[in-house]
Amino acid sequence: MSDVKLQNVTKRFDSTLAVDDVSLEIGDGEVLGIVGPSGCGKTTSLRLVAGFETATDGSILYDGEDVTHVPPENRNVGLVFQSYALFNNMTVLGNVTFGPKMQGVGKAERRERAQELLDLLDIGELADRDPQTLSGGQQRRVGLARALAIEPRILLLDEPMTGLDAKLKQTLRQELGDLLDELGVTTLYVTHDQEQAMSMCDRIAVMNEGVVEQVGTPSEVYESPENEFVANFVGTSNLLQGTIRDGRVDFGFTELDAEGLPERDDATIAVRPDDFTVGEGPITAEVQNLFYLGEKVQALATLDDGTELTLELDRHRDSVSVGDALALDIDATHLHVIRQ
Amino acid sequence: MGSRFESGSLSARYGRQFVTLVLAATLVFLALPVVLTFVSSFAGEWVGALPSGFVTLENWNDVIVGTGVGADASVGSSLAYSAGLALAGVLINLIVGVPIAYAVARYEFWGRDWVNVFAILPLAPGIILGIAFLRTYPDLSTSGIALVIGYSLLKAPYMVMAVQSSFQSMDLQQIEESARSLGASWPRTFLTVIVPNAKAGIIAGSIISWTLAAAEFNFSYIVYSRGTPPLSIFLFNNITNASFLNAAAAVSVFFLLIALVTISLQIVGNRGAVRRL
C-alpha cells in the first residue's frame with residue numbers, strides 16, 4: 001500500500017482538456033472517491049494513476065516516487081472495471097493467480113493466496129468454475145479478488161457497481177466497504193453515483209470539466225458545498241438568493257435568524273430539501289408535482305414569486321396532493337452560503 | 001392490433017409449419033447434390049435419372065490409387081499437396097490477419113477504415129490475382145510459393161472477419177488493461193489473454209479459409225504449371241477427362257476431408273475452452 005499524489009496533473013487529448021491542473025492526495029489506506037458527471041475527467045484521472053495515460057503536464061507519485069512515466073505493468077495497481085473484464089480462457093482460480101504468476105510468485109503460494117482471497121470474498125467454492133457461468137455479483141467478486149491478489153500499491157475501482165440491481169448493489173457496497181476497511185488498501189473509487197461514493201469513501205473529490213471542484217469528507221461535501229456545481233451534483237439543493245445582515249437572512253419571501261453566516265448582500269444560500277419543515281411555517285408554496293421515490297416522497301412546489309423549491313416529504317405523515325398549498329419553514333441551522 | 005396474432009389468424013395457425021417447410025426444402029436443395037455425389041461414387045453406372053449398380057469401390061480405387069482415366073497422379077498426393085499449401089496459407093493469415101483484426105477492433109488510428117476495407121474485401125478474384133502473379137513473378141509459378149501467397153491473400157478476409165467479430169464481442173480494452181495492470185507485458189497479454197479469448201473466431205476463420213484455399217480453382221488453374229497438381233486441378237482433370245462417377249469419388253474425398261477437419265477443430269476448440277490450472 002502507498003500514498004498516492006497527483007501534482008498539478010494536466011491531460012490533453014488534441015484540443016480537448018480532459019484533466020486540468022488536478023492535485024489530489026490519497027493517504028495510505030484511504031478510500032478516495034472521484035465523482036462527477038460523464039466527461040468530467042474522473043476516468044481519465046484513474047487511467048493516469050494506472051499508467052494507461054501519460055500526463056501532458058504534472059506528475060504522479062507513489063510514496064514520493066515519481067511514476068508518471070512508468071508503464072502500467074510495472075506500477076502494481078489493482079484494477080476493477082465495470083465490465084468485470086475477466087479472462088474467459090481461464091478458470092476463476094486462473095484469473096486470480098494470473099497477477100501473482102506475472103510477479104513470479106511460485107505456483108503453490110499463488111494458489112494458496114488466491115484461495116484465501118476467494119474464501120474471504122465468499123466464493124471459495126467457485127475456484128474451478130468458468131467465469132462465464134457465474135452471476136454478475138460473483139463475477140464482480142472474482143474481478144476484485146484478481147485485483148487484490150497482486151497486493152496492489154493502490155486499488156483502482158472504475159464504476160464497479162454500475163449495472164447491478166439495487167439489492168445486489170447494496171449488499172456488495174457493504175461487503176466492499178468492510179473488505180477495504182479490513183485490508184486497509186489505498187483505493188481510488190471512480191463513480192458517477194454520488195450515493196455510492198458517499199457511503200464507501202473516506203473522502204470525495206467532485207470533478208467537473210476536468211477540474212476538481214471540491215475535496216472533503218462526504219459530510220463536508222454534502223453539508224458545505226463550496227460552489228453551485230457541488231451543491232447541485234451532490235444531493236439536491238435549493239439555491240436561494242438572499243441578503244444576510246445583522247444575523248438575519250432575508251430571502252424576500254421570508255426572514256430567518258442566520259447566526260454565524262457571513263454578512264452579504266447578494267448571497268446564494270443552499271437549502272437541502274430535508275431542511276424544510278412541512279405543515280407549519282410562514283412560507284406558502286403550491287405543490288406542482290410529486291415524485292414517489294419509495295423511501296421518501298419528493299415534491300416540486302412554487303412560491304408566489306415563482307421560485308421553485310424541491311422538498312422532501314414524510315410519506316407516512318404528509319398527505320399531500322398536487323395543487324395543495326403547503327405551509328413551510330426552513331431549519332436555519334443547516335443553511336450554507338455558497339462561495340461566489 | 002392484437003387480432004393479427006390471435007390463434008385464428010393465418011400466420012398463427014400455419015406460420016411455424018410454413019417456416020419449417022421452407023427450411024427443410026432449402027436444406028434438401030443444398031444437401032442433395034452432395035449426398036447424390038457421395039452415393040453415386042459407389043455406383044457402377046449412372047444412366048438415366050439415378051445411379052445404379054451398387055455397391056462398388058472401383059471409382060474410389062481409381063481415384064485413390066491414381067489409375068483413373070483423367071488422373072495422372074493419385075488423389076492422395078494432390079490432396080496432401082493442397083492441404084499443405086492451404087495450411088501454409090492459413091498460417092500466414094493467422095500471423096498477419098489476427099493482429100490486423102485486433103488493431104482494427106481495438107485502436108482508433110489514421111487510416112483504420114482503409115485497413116479494414118483492404119483486409120476484409122477480397123479485392124481481386126482468383127483469376128485476376130493469378131494473372132497478375134504470373135506477370136510479376138514468372139519464376140514463382142513452378143513452386144508452391146505463389147499458390148501459398150495467393151491462397152492466403154484470397155482467403156485473408158474470412159480469417160479477419162471471423163477473428164474481428166470475436167474481438168468485437170469482448171471488452172478488448174478493459175481485458176487488455178486488466179492483464180497489463182496485473183503485470184503482464186503487452187506481448188504476453190496478447191498471446192496469453194487476448195488470442196485465447198478469441199479462440200472461437202480463430203478456429204472458425206481457420207476452418208473457412210483452409211477449406212476455401214484447399215479447393216481454390218481459379219488462382220490454381222492460372223498459376224499452376226507442373227508437378228503435383230493442387231486438388232482443385234486434380235478434380236478438374238477428373239471431371240473433364242474421366243467418367244462422372246470417377247469425379248464423384250474424387251469430390252467425395254474432399255467432402256470427407258472438410259468434415260474431418262471441421263469436426264476435429266471443433267473438438268479441439270471445445271476441449272480447450274477454459275484452461276485448467
# chains A, B, ... in the order shown; residues from 1 in each chain; ligands from 1
>>> interface_residues(of="chain A", to="chain B", cutoff="8 Å", atoms="only C-alpha atoms", output="mmCIF file with N, CA, C and O atoms, in the first residue's frame")
data_model
loop_
_atom_site.group_PDB
_atom_site.id
_atom_site.type_symbol
_atom_site.label_atom_id
_atom_site.label_comp_id
_atom_site.auth_asym_id
_atom_site.auth_seq_id
_atom_site.Cartn_x
_atom_site.Cartn_y
_atom_site.Cartn_z
ATOM 1 N N ALA A 50 -3.295 4.759 -13.136
ATOM 2 C CA ALA A 50 -2.965 3.380 -13.514
ATOM 3 C C ALA A 50 -1.788 3.308 -14.476
ATOM 4 O O ALA A 50 -1.103 2.302 -14.548
ATOM 5 N N PHE A 52 -2.227 4.075 -17.869
ATOM 6 C CA PHE A 52 -2.708 3.870 -19.241
ATOM 7 C C PHE A 52 -2.762 5.172 -20.025
ATOM 8 O O PHE A 52 -2.953 5.168 -21.237
ATOM 9 N N PRO A 72 2.154 0.713 -17.069
ATOM 10 C CA PRO A 72 1.178 0.152 -16.119
ATOM 11 C C PRO A 72 1.600 -1.182 -15.513
ATOM 12 O O PRO A 72 1.329 -1.431 -14.336
ATOM 13 N N GLU A 73 2.277 -2.026 -16.322
ATOM 14 C CA GLU A 73 2.625 -3.356 -15.796
ATOM 15 C C GLU A 73 3.681 -3.291 -14.690
ATOM 16 O O GLU A 73 3.893 -4.260 -13.973
ATOM 17 N N ASN A 74 4.333 -2.130 -14.576
ATOM 18 C CA ASN A 74 5.348 -2.012 -13.518
ATOM 19 C C ASN A 74 4.870 -1.148 -12.350
ATOM 20 O O ASN A 74 5.663 -0.771 -11.491
ATOM 21 N N ARG A 75 3.578 -0.802 -12.317
ATOM 22 C CA ARG A 75 3.105 0.084 -11.247
ATOM 23 C C ARG A 75 2.494 -0.671 -10.069
ATOM 24 O O ARG A 75 2.283 -0.105 -9.013
ATOM 25 N N ASN A 76 2.141 -1.934 -10.294
ATOM 26 C CA ASN A 76 1.494 -2.744 -9.262
ATOM 27 C C ASN A 76 0.189 -2.101 -8.774
ATOM 28 O O ASN A 76 0.034 -1.802 -7.592
ATOM 29 N N VAL A 77 -0.711 -1.887 -9.719
ATOM 30 C CA VAL A 77 -2.024 -1.353 -9.352
ATOM 31 C C VAL A 77 -3.095 -2.411 -9.624
ATOM 32 O O VAL A 77 -3.007 -3.154 -10.590
ATOM 33 N N GLY A 78 -4.067 -2.481 -8.735
ATOM 34 C CA GLY A 78 -5.185 -3.404 -8.934
ATOM 35 C C GLY A 78 -6.328 -2.646 -9.587
ATOM 36 O O GLY A 78 -6.692 -1.566 -9.139
ATOM 37 N N LEU A 79 -6.855 -3.212 -10.674
ATOM 38 C CA LEU A 79 -7.905 -2.507 -11.429
ATOM 39 C C LEU A 79 -9.181 -3.338 -11.450
ATOM 40 O O LEU A 79 -9.136 -4.521 -11.766
ATOM 41 N N VAL A 80 -10.287 -2.713 -11.131
ATOM 42 C CA VAL A 80 -11.578 -3.402 -11.271
ATOM 43 C C VAL A 80 -12.478 -2.531 -12.138
ATOM 44 O O VAL A 80 -12.727 -1.377 -11.815
ATOM 45 N N PHE A 81 -12.914 -3.129 -13.255
ATOM 46 C CA PHE A 81 -13.742 -2.385 -14.202
ATOM 47 C C PHE A 81 -15.218 -2.710 -14.024
ATOM 48 O O PHE A 81 -15.586 -3.751 -13.481
ATOM 49 N N SER A 83 -17.086 -3.643 -16.416
ATOM 50 C CA SER A 83 -17.432 -4.813 -17.237
ATOM 51 C C SER A 83 -16.782 -6.089 -16.721
ATOM 52 O O SER A 83 -16.754 -7.079 -17.430
ATOM 53 N N ALA A 85 -14.278 -7.597 -17.008
ATOM 54 C CA ALA A 85 -13.106 -7.882 -17.830
ATOM 55 C C ALA A 85 -12.365 -9.120 -17.354
ATOM 56 O O ALA A 85 -11.139 -9.144 -17.267
ATOM 57 N N LEU A 86 -13.111 -10.178 -17.035
ATOM 58 C CA LEU A 86 -12.462 -11.424 -16.619
ATOM 59 C C LEU A 86 -11.902 -12.135 -17.840
ATOM 60 O O LEU A 86 -12.371 -11.934 -18.956
ATOM 61 N N PHE A 87 -10.880 -12.965 -17.598
ATOM 62 C CA PHE A 87 -10.271 -13.717 -18.701
ATOM 63 C C PHE A 87 -11.061 -15.021 -18.856
ATOM 64 O O PHE A 87 -10.905 -15.942 -18.042
ATOM 65 N N ASN A 88 -11.861 -15.101 -19.901
ATOM 66 C CA ASN A 88 -12.737 -16.262 -20.043
ATOM 67 C C ASN A 88 -12.015 -17.511 -20.512
ATOM 68 O O ASN A 88 -12.616 -18.575 -20.574
ATOM 69 N N ASN A 89 -10.746 -17.385 -20.863
ATOM 70 C CA ASN A 89 -9.988 -18.567 -21.253
ATOM 71 C C ASN A 89 -9.361 -19.246 -20.037
ATOM 72 O O ASN A 89 -8.635 -20.210 -20.177
ATOM 73 N N MET A 90 -9.620 -18.707 -18.858
ATOM 74 C CA MET A 90 -9.065 -19.298 -17.644
ATOM 75 C C MET A 90 -10.181 -19.527 -16.633
ATOM 76 O O MET A 90 -11.223 -18.881 -16.699
ATOM 77 N N THR A 91 -9.926 -20.418 -15.672
ATOM 78 C CA THR A 91 -10.895 -20.616 -14.597
ATOM 79 C C THR A 91 -10.853 -19.409 -13.657
ATOM 80 O O THR A 91 -10.011 -18.520 -13.808
ATOM 81 N N LEU A 93 -9.843 -19.511 -10.605
ATOM 82 C CA LEU A 93 -8.534 -19.568 -9.946
ATOM 83 C C LEU A 93 -7.435 -19.053 -10.885
ATOM 84 O O LEU A 93 -6.528 -18.340 -10.466
ATOM 85 N N GLY A 94 -7.561 -19.401 -12.165
ATOM 86 C CA GLY A 94 -6.598 -18.933 -13.159
ATOM 87 C C GLY A 94 -6.576 -17.413 -13.237
ATOM 88 O O GLY A 94 -5.509 -16.792 -13.357
ATOM 89 N N PHE A 98 -3.325 -15.107 -11.949
ATOM 90 C CA PHE A 98 -2.618 -14.530 -13.102
ATOM 91 C C PHE A 98 -1.603 -13.461 -12.677
ATOM 92 O O PHE A 98 -0.445 -13.485 -13.100
ATOM 93 N N GLY A 99 -2.062 -12.529 -11.840
ATOM 94 C CA GLY A 99 -1.185 -11.439 -11.400
ATOM 95 C C GLY A 99 0.028 -11.938 -10.637
ATOM 96 O O GLY A 99 1.181 -11.631 -10.999
ATOM 97 N N PRO A 100 -0.184 -12.747 -9.573
ATOM 98 C CA PRO A 100 0.973 -13.289 -8.843
ATOM 99 C C PRO A 100 1.926 -14.073 -9.756
ATOM 100 O O PRO A 100 3.135 -14.030 -9.576
ATOM 101 N N MET A 102 2.543 -13.408 -12.894
ATOM 102 C CA MET A 102 3.340 -12.399 -13.603
ATOM 103 C C MET A 102 4.416 -11.813 -12.681
ATOM 104 O O MET A 102 5.463 -11.380 -13.138
ATOM 105 N N GLN A 103 4.120 -11.821 -11.378
ATOM 106 C CA GLN A 103 5.099 -11.272 -10.414
ATOM 107 C C GLN A 103 6.160 -12.298 -10.052
ATOM 108 O O GLN A 103 7.065 -12.004 -9.281
ATOM 109 N N ASP A 128 -12.796 -23.484 -9.463
ATOM 110 C CA ASP A 128 -12.574 -24.223 -10.713
ATOM 111 C C ASP A 128 -13.608 -23.916 -11.784
ATOM 112 O O ASP A 128 -13.634 -24.560 -12.830
ATOM 113 N N ASP A 130 -15.772 -21.821 -14.725
ATOM 114 C CA ASP A 130 -15.538 -20.968 -15.878
ATOM 115 C C ASP A 130 -16.219 -19.620 -15.564
ATOM 116 O O ASP A 130 -17.406 -19.605 -15.229
ATOM 117 N N ALA A 147 -7.745 -8.420 -8.617
ATOM 118 C CA ALA A 147 -7.012 -7.166 -8.427
ATOM 119 C C ALA A 147 -6.265 -7.154 -7.091
ATOM 120 O O ALA A 147 -5.159 -6.617 -6.991
ATOM 121 N N ILE A 150 -2.547 -9.283 -6.293
ATOM 122 C CA ILE A 150 -1.167 -8.808 -6.529
ATOM 123 C C ILE A 150 -0.703 -7.907 -5.375
ATOM 124 O O ILE A 150 0.359 -7.305 -5.442
#
>>> closest_residue(among="B:Asn93, B:Ser77, B:Asn238, B:Thr228", to="Ala156 in chain B", atoms="only C-alpha atoms")
B:Asn93
>>> residues_around(residues="Arg248 in chain A", least_positions_apart="2", cutoff="9 Å", atoms="only C-alpha atoms", output="list in words")
Thr243, Ile244, Arg245, Asp246, Asp250, Glu255, Leu256, Asp257, Ala258, Glu259, Leu261 and Glu263 of chain A
>>> atom_distance(atom1="CA of Glu112 in chain A", atom2="CA of Gln132 in chain A")
23.0 Å
>>> atom_distance(atom1="CA of Asp66 in chain A", atom2="CA of Lys5 in chain A")
9.3 Å
>>> select_by_dssp(residues="range 86-158 of chain A", states="alpha helix (DSSP H)", output="PyMOL selection string")
chain A and resi 92-102+107-120+136-148
>>> write_last_selection(atoms="C-alpha atoms", output="PDB file, in the first residue's frame")
ATOM      1  CA  VAL A  92     -11.717 -18.361 -11.652  1.00  0.00           C
ATOM      2  CA  LEU A  93      -8.534 -19.568  -9.946  1.00  0.00           C
ATOM      3  CA  GLY A  94      -6.598 -18.933 -13.159  1.00  0.00           C
ATOM      4  CA  ASN A  95      -7.837 -15.354 -13.183  1.00  0.00           C
ATOM      5  CA  VAL A  96      -6.888 -14.723  -9.570  1.00  0.00           C
ATOM      6  CA  THR A  97      -3.449 -16.346  -9.843  1.00  0.00           C
ATOM      7  CA  PHE A  98      -2.618 -14.530 -13.102  1.00  0.00           C
ATOM      8  CA  GLY A  99      -1.185 -11.439 -11.400  1.00  0.00           C
ATOM      9  CA  PRO A 100       0.973 -13.289  -8.843  1.00  0.00           C
ATOM     10  CA  LYS A 101       2.210 -15.509 -11.709  1.00  0.00           C
ATOM     11  CA  MET A 102       3.340 -12.399 -13.603  1.00  0.00           C
ATOM     12  CA  LYS A 107       2.656 -21.957  -8.028  1.00  0.00           C
ATOM     13  CA  ALA A 108       1.809 -23.292  -4.551  1.00  0.00           C
ATOM     14  CA  GLU A 109       1.994 -19.864  -2.945  1.00  0.00           C
ATOM     15  CA  ARG A 110      -0.102 -18.103  -5.591  1.00  0.00           C
ATOM     16  CA  ARG A 111      -2.767 -20.805  -5.430  1.00  0.00           C
ATOM     17  CA  GLU A 112      -2.888 -20.520  -1.654  1.00  0.00           C
ATOM     18  CA  ARG A 113      -3.104 -16.733  -1.809  1.00  0.00           C
ATOM     19  CA  ALA A 114      -5.858 -16.871  -4.434  1.00  0.00           C
ATOM     20  CA  GLN A 115      -7.875 -19.408  -2.489  1.00  0.00           C
ATOM     21  CA  GLU A 116      -7.594 -17.264   0.651  1.00  0.00           C
ATOM     22  CA  LEU A 117      -8.927 -14.255  -1.234  1.00  0.00           C
ATOM     23  CA  LEU A 118     -11.746 -16.226  -2.824  1.00  0.00           C
ATOM     24  CA  ASP A 119     -12.708 -17.548   0.621  1.00  0.00           C
ATOM     25  CA  LEU A 120     -12.582 -14.027   2.013  1.00  0.00           C
ATOM     26  CA  GLY A 136     -22.879 -10.717 -12.164  1.00  0.00           C
ATOM     27  CA  GLY A 137     -22.221 -10.450  -8.431  1.00  0.00           C
ATOM     28  CA  GLN A 138     -19.902 -13.452  -8.453  1.00  0.00           C
ATOM     29  CA  GLN A 139     -18.000 -12.120 -11.454  1.00  0.00           C
ATOM     30  CA  ARG A 140     -17.577  -8.802  -9.668  1.00  0.00           C
ATOM     31  CA  ARG A 141     -16.086 -10.604  -6.668  1.00  0.00           C
ATOM     32  CA  VAL A 142     -13.696 -12.539  -8.921  1.00  0.00           C
ATOM     33  CA  GLY A 143     -12.588  -9.259 -10.503  1.00  0.00           C
ATOM     34  CA  LEU A 144     -11.936  -7.831  -7.069  1.00  0.00           C
ATOM     35  CA  ALA A 145     -10.057 -10.927  -5.892  1.00  0.00           C
ATOM     36  CA  ARG A 146      -7.911 -10.812  -9.040  1.00  0.00           C
ATOM     37  CA  ALA A 147      -7.012  -7.166  -8.427  1.00  0.00           C
ATOM     38  CA  LEU A 148      -6.236  -7.756  -4.752  1.00  0.00           C
TER      39      LEU A 148
END
>>> residues_around(residues="Gly130 in chain B", least_positions_apart="3", cutoff="6 Å", atoms="only C-alpha atoms", output="compact mmCIF listing (two decimals) with C-alpha atoms, in the first residue's frame")
# COMPACT_ATOMS: atom_id res chain seq x y z
CA GLY B 126 -8.57 -15.56 -58.11
CA ILE B 127 -8.23 -15.41 -61.87
CA PHE B 133 1.17 -13.06 -60.21
CA PHE B 219 -5.99 -18.99 -58.98
CA ILE B 222 -3.75 -19.86 -63.78
CA VAL B 223 -0.64 -20.19 -61.65
>>> select_by_dssp(residues="range 82-183 of chain A", states="strand (DSSP E)", output="list in words")
Ile154, Leu155, Leu156, Leu157 and Asp158 of chain A
>>> residues_around(residues="Val115 in chain B", least_positions_apart="6", cutoff="12 Å", atoms="only C-alpha atoms", output="list of chain:residue names")
B:Gly97, B:Pro99, B:Ile100, B:Ala101, B:Tyr102, B:Ala103, B:Val104, B:Ala105, B:Tyr107, B:Glu108, B:Phe109, B:Leu121, B:Pro157, B:Val160
>>> closest_residue(among="A:Val19, A:Ile26, A:Met198, A:Leu309", to="Gly177 in chain A", atoms="only C-alpha atoms")
A:Met198
>>> atom_distance(atom1="CA of Cys40 in chain A", atom2="CA of Ala18 in chain A")
7.3 Å
>>> residues_around(residues="Gly144 in chain B", least_positions_apart="6", cutoff="12 Å", atoms="only C-alpha atoms", output="PyMOL selection string")
chain B and resi 81-86+88-89+150-151+220+223-230
>>> decode(residues="range 158-175 of chain A", atoms="N, CA, C and O atoms", output="tab-separated table (two decimals), in the first residue's frame")
chain	number	residue	atom	x	y	z
A	158	ASP	N	-13.22	1.32	-11.11
A	158	ASP	CA	-13.86	2.17	-12.12
A	158	ASP	C	-15.32	1.76	-12.26
A	158	ASP	O	-15.63	0.76	-12.90
A	159	GLU	N	-16.21	2.52	-11.66
A	159	GLU	CA	-17.66	2.24	-11.69
A	159	GLU	C	-17.93	0.78	-11.37
A	159	GLU	O	-18.63	0.08	-12.14
A	160	PRO	N	-17.43	0.26	-10.25
A	160	PRO	CA	-17.52	-1.19	-10.04
A	160	PRO	C	-18.94	-1.69	-9.76
A	160	PRO	O	-19.18	-2.88	-9.84
A	161	MET	N	-19.87	-0.80	-9.42
A	161	MET	CA	-21.22	-1.26	-9.08
A	161	MET	C	-22.24	-0.95	-10.17
A	161	MET	O	-23.39	-1.36	-10.07
A	162	THR	N	-21.81	-0.21	-11.17
A	162	THR	CA	-22.77	0.21	-12.20
A	162	THR	C	-23.30	-1.02	-12.94
A	162	THR	O	-22.56	-1.93	-13.27
A	163	GLY	N	-24.59	-1.03	-13.17
A	163	GLY	CA	-25.19	-2.12	-13.94
A	163	GLY	C	-25.71	-3.25	-13.08
A	163	GLY	O	-26.28	-4.20	-13.61
A	164	LEU	N	-25.51	-3.18	-11.76
A	164	LEU	CA	-26.04	-4.24	-10.90
A	164	LEU	C	-27.42	-3.82	-10.39
A	164	LEU	O	-27.73	-2.64	-10.32
A	165	ASP	N	-28.24	-4.80	-10.01
A	165	ASP	CA	-29.55	-4.42	-9.50
A	165	ASP	C	-29.40	-3.83	-8.09
A	165	ASP	O	-28.40	-4.04	-7.40
A	166	ALA	N	-30.42	-3.08	-7.68
A	166	ALA	CA	-30.32	-2.26	-6.47
A	166	ALA	C	-29.98	-3.09	-5.23
A	166	ALA	O	-29.15	-2.69	-4.40
A	167	LYS	N	-30.58	-4.26	-5.12
A	167	LYS	CA	-30.38	-5.09	-3.93
A	167	LYS	C	-28.93	-5.58	-3.87
A	167	LYS	O	-28.27	-5.51	-2.83
A	168	LEU	N	-28.46	-6.09	-5.00
A	168	LEU	CA	-27.09	-6.61	-5.07
A	168	LEU	C	-26.08	-5.49	-4.84
A	168	LEU	O	-25.06	-5.65	-4.17
A	169	LYS	N	-26.41	-4.33	-5.37
A	169	LYS	CA	-25.54	-3.16	-5.21
A	169	LYS	C	-25.38	-2.85	-3.72
A	169	LYS	O	-24.28	-2.60	-3.23
A	170	GLN	N	-26.50	-2.91	-3.02
A	170	GLN	CA	-26.48	-2.61	-1.58
A	170	GLN	C	-25.63	-3.63	-0.82
A	170	GLN	O	-24.80	-3.27	0.02
A	171	THR	N	-25.82	-4.91	-1.16
A	171	THR	CA	-25.05	-5.97	-0.49
A	171	THR	C	-23.57	-5.81	-0.77
A	171	THR	O	-22.74	-5.85	0.14
A	172	LEU	N	-23.24	-5.61	-2.06
A	172	LEU	CA	-21.84	-5.50	-2.44
A	172	LEU	C	-21.19	-4.26	-1.83
A	172	LEU	O	-20.01	-4.27	-1.47
A	173	ARG	N	-21.98	-3.19	-1.75
A	173	ARG	CA	-21.46	-1.95	-1.19
A	173	ARG	C	-20.98	-2.18	0.24
A	173	ARG	O	-19.89	-1.78	0.62
A	174	GLN	N	-21.82	-2.90	0.99
A	174	GLN	CA	-21.47	-3.17	2.37
A	174	GLN	C	-20.25	-4.09	2.44
A	174	GLN	O	-19.31	-3.84	3.19
A	175	GLU	N	-20.28	-5.13	1.62
A	175	GLU	CA	-19.16	-6.09	1.63
A	175	GLU	C	-17.86	-5.43	1.22
A	175	GLU	O	-16.82	-5.63	1.85
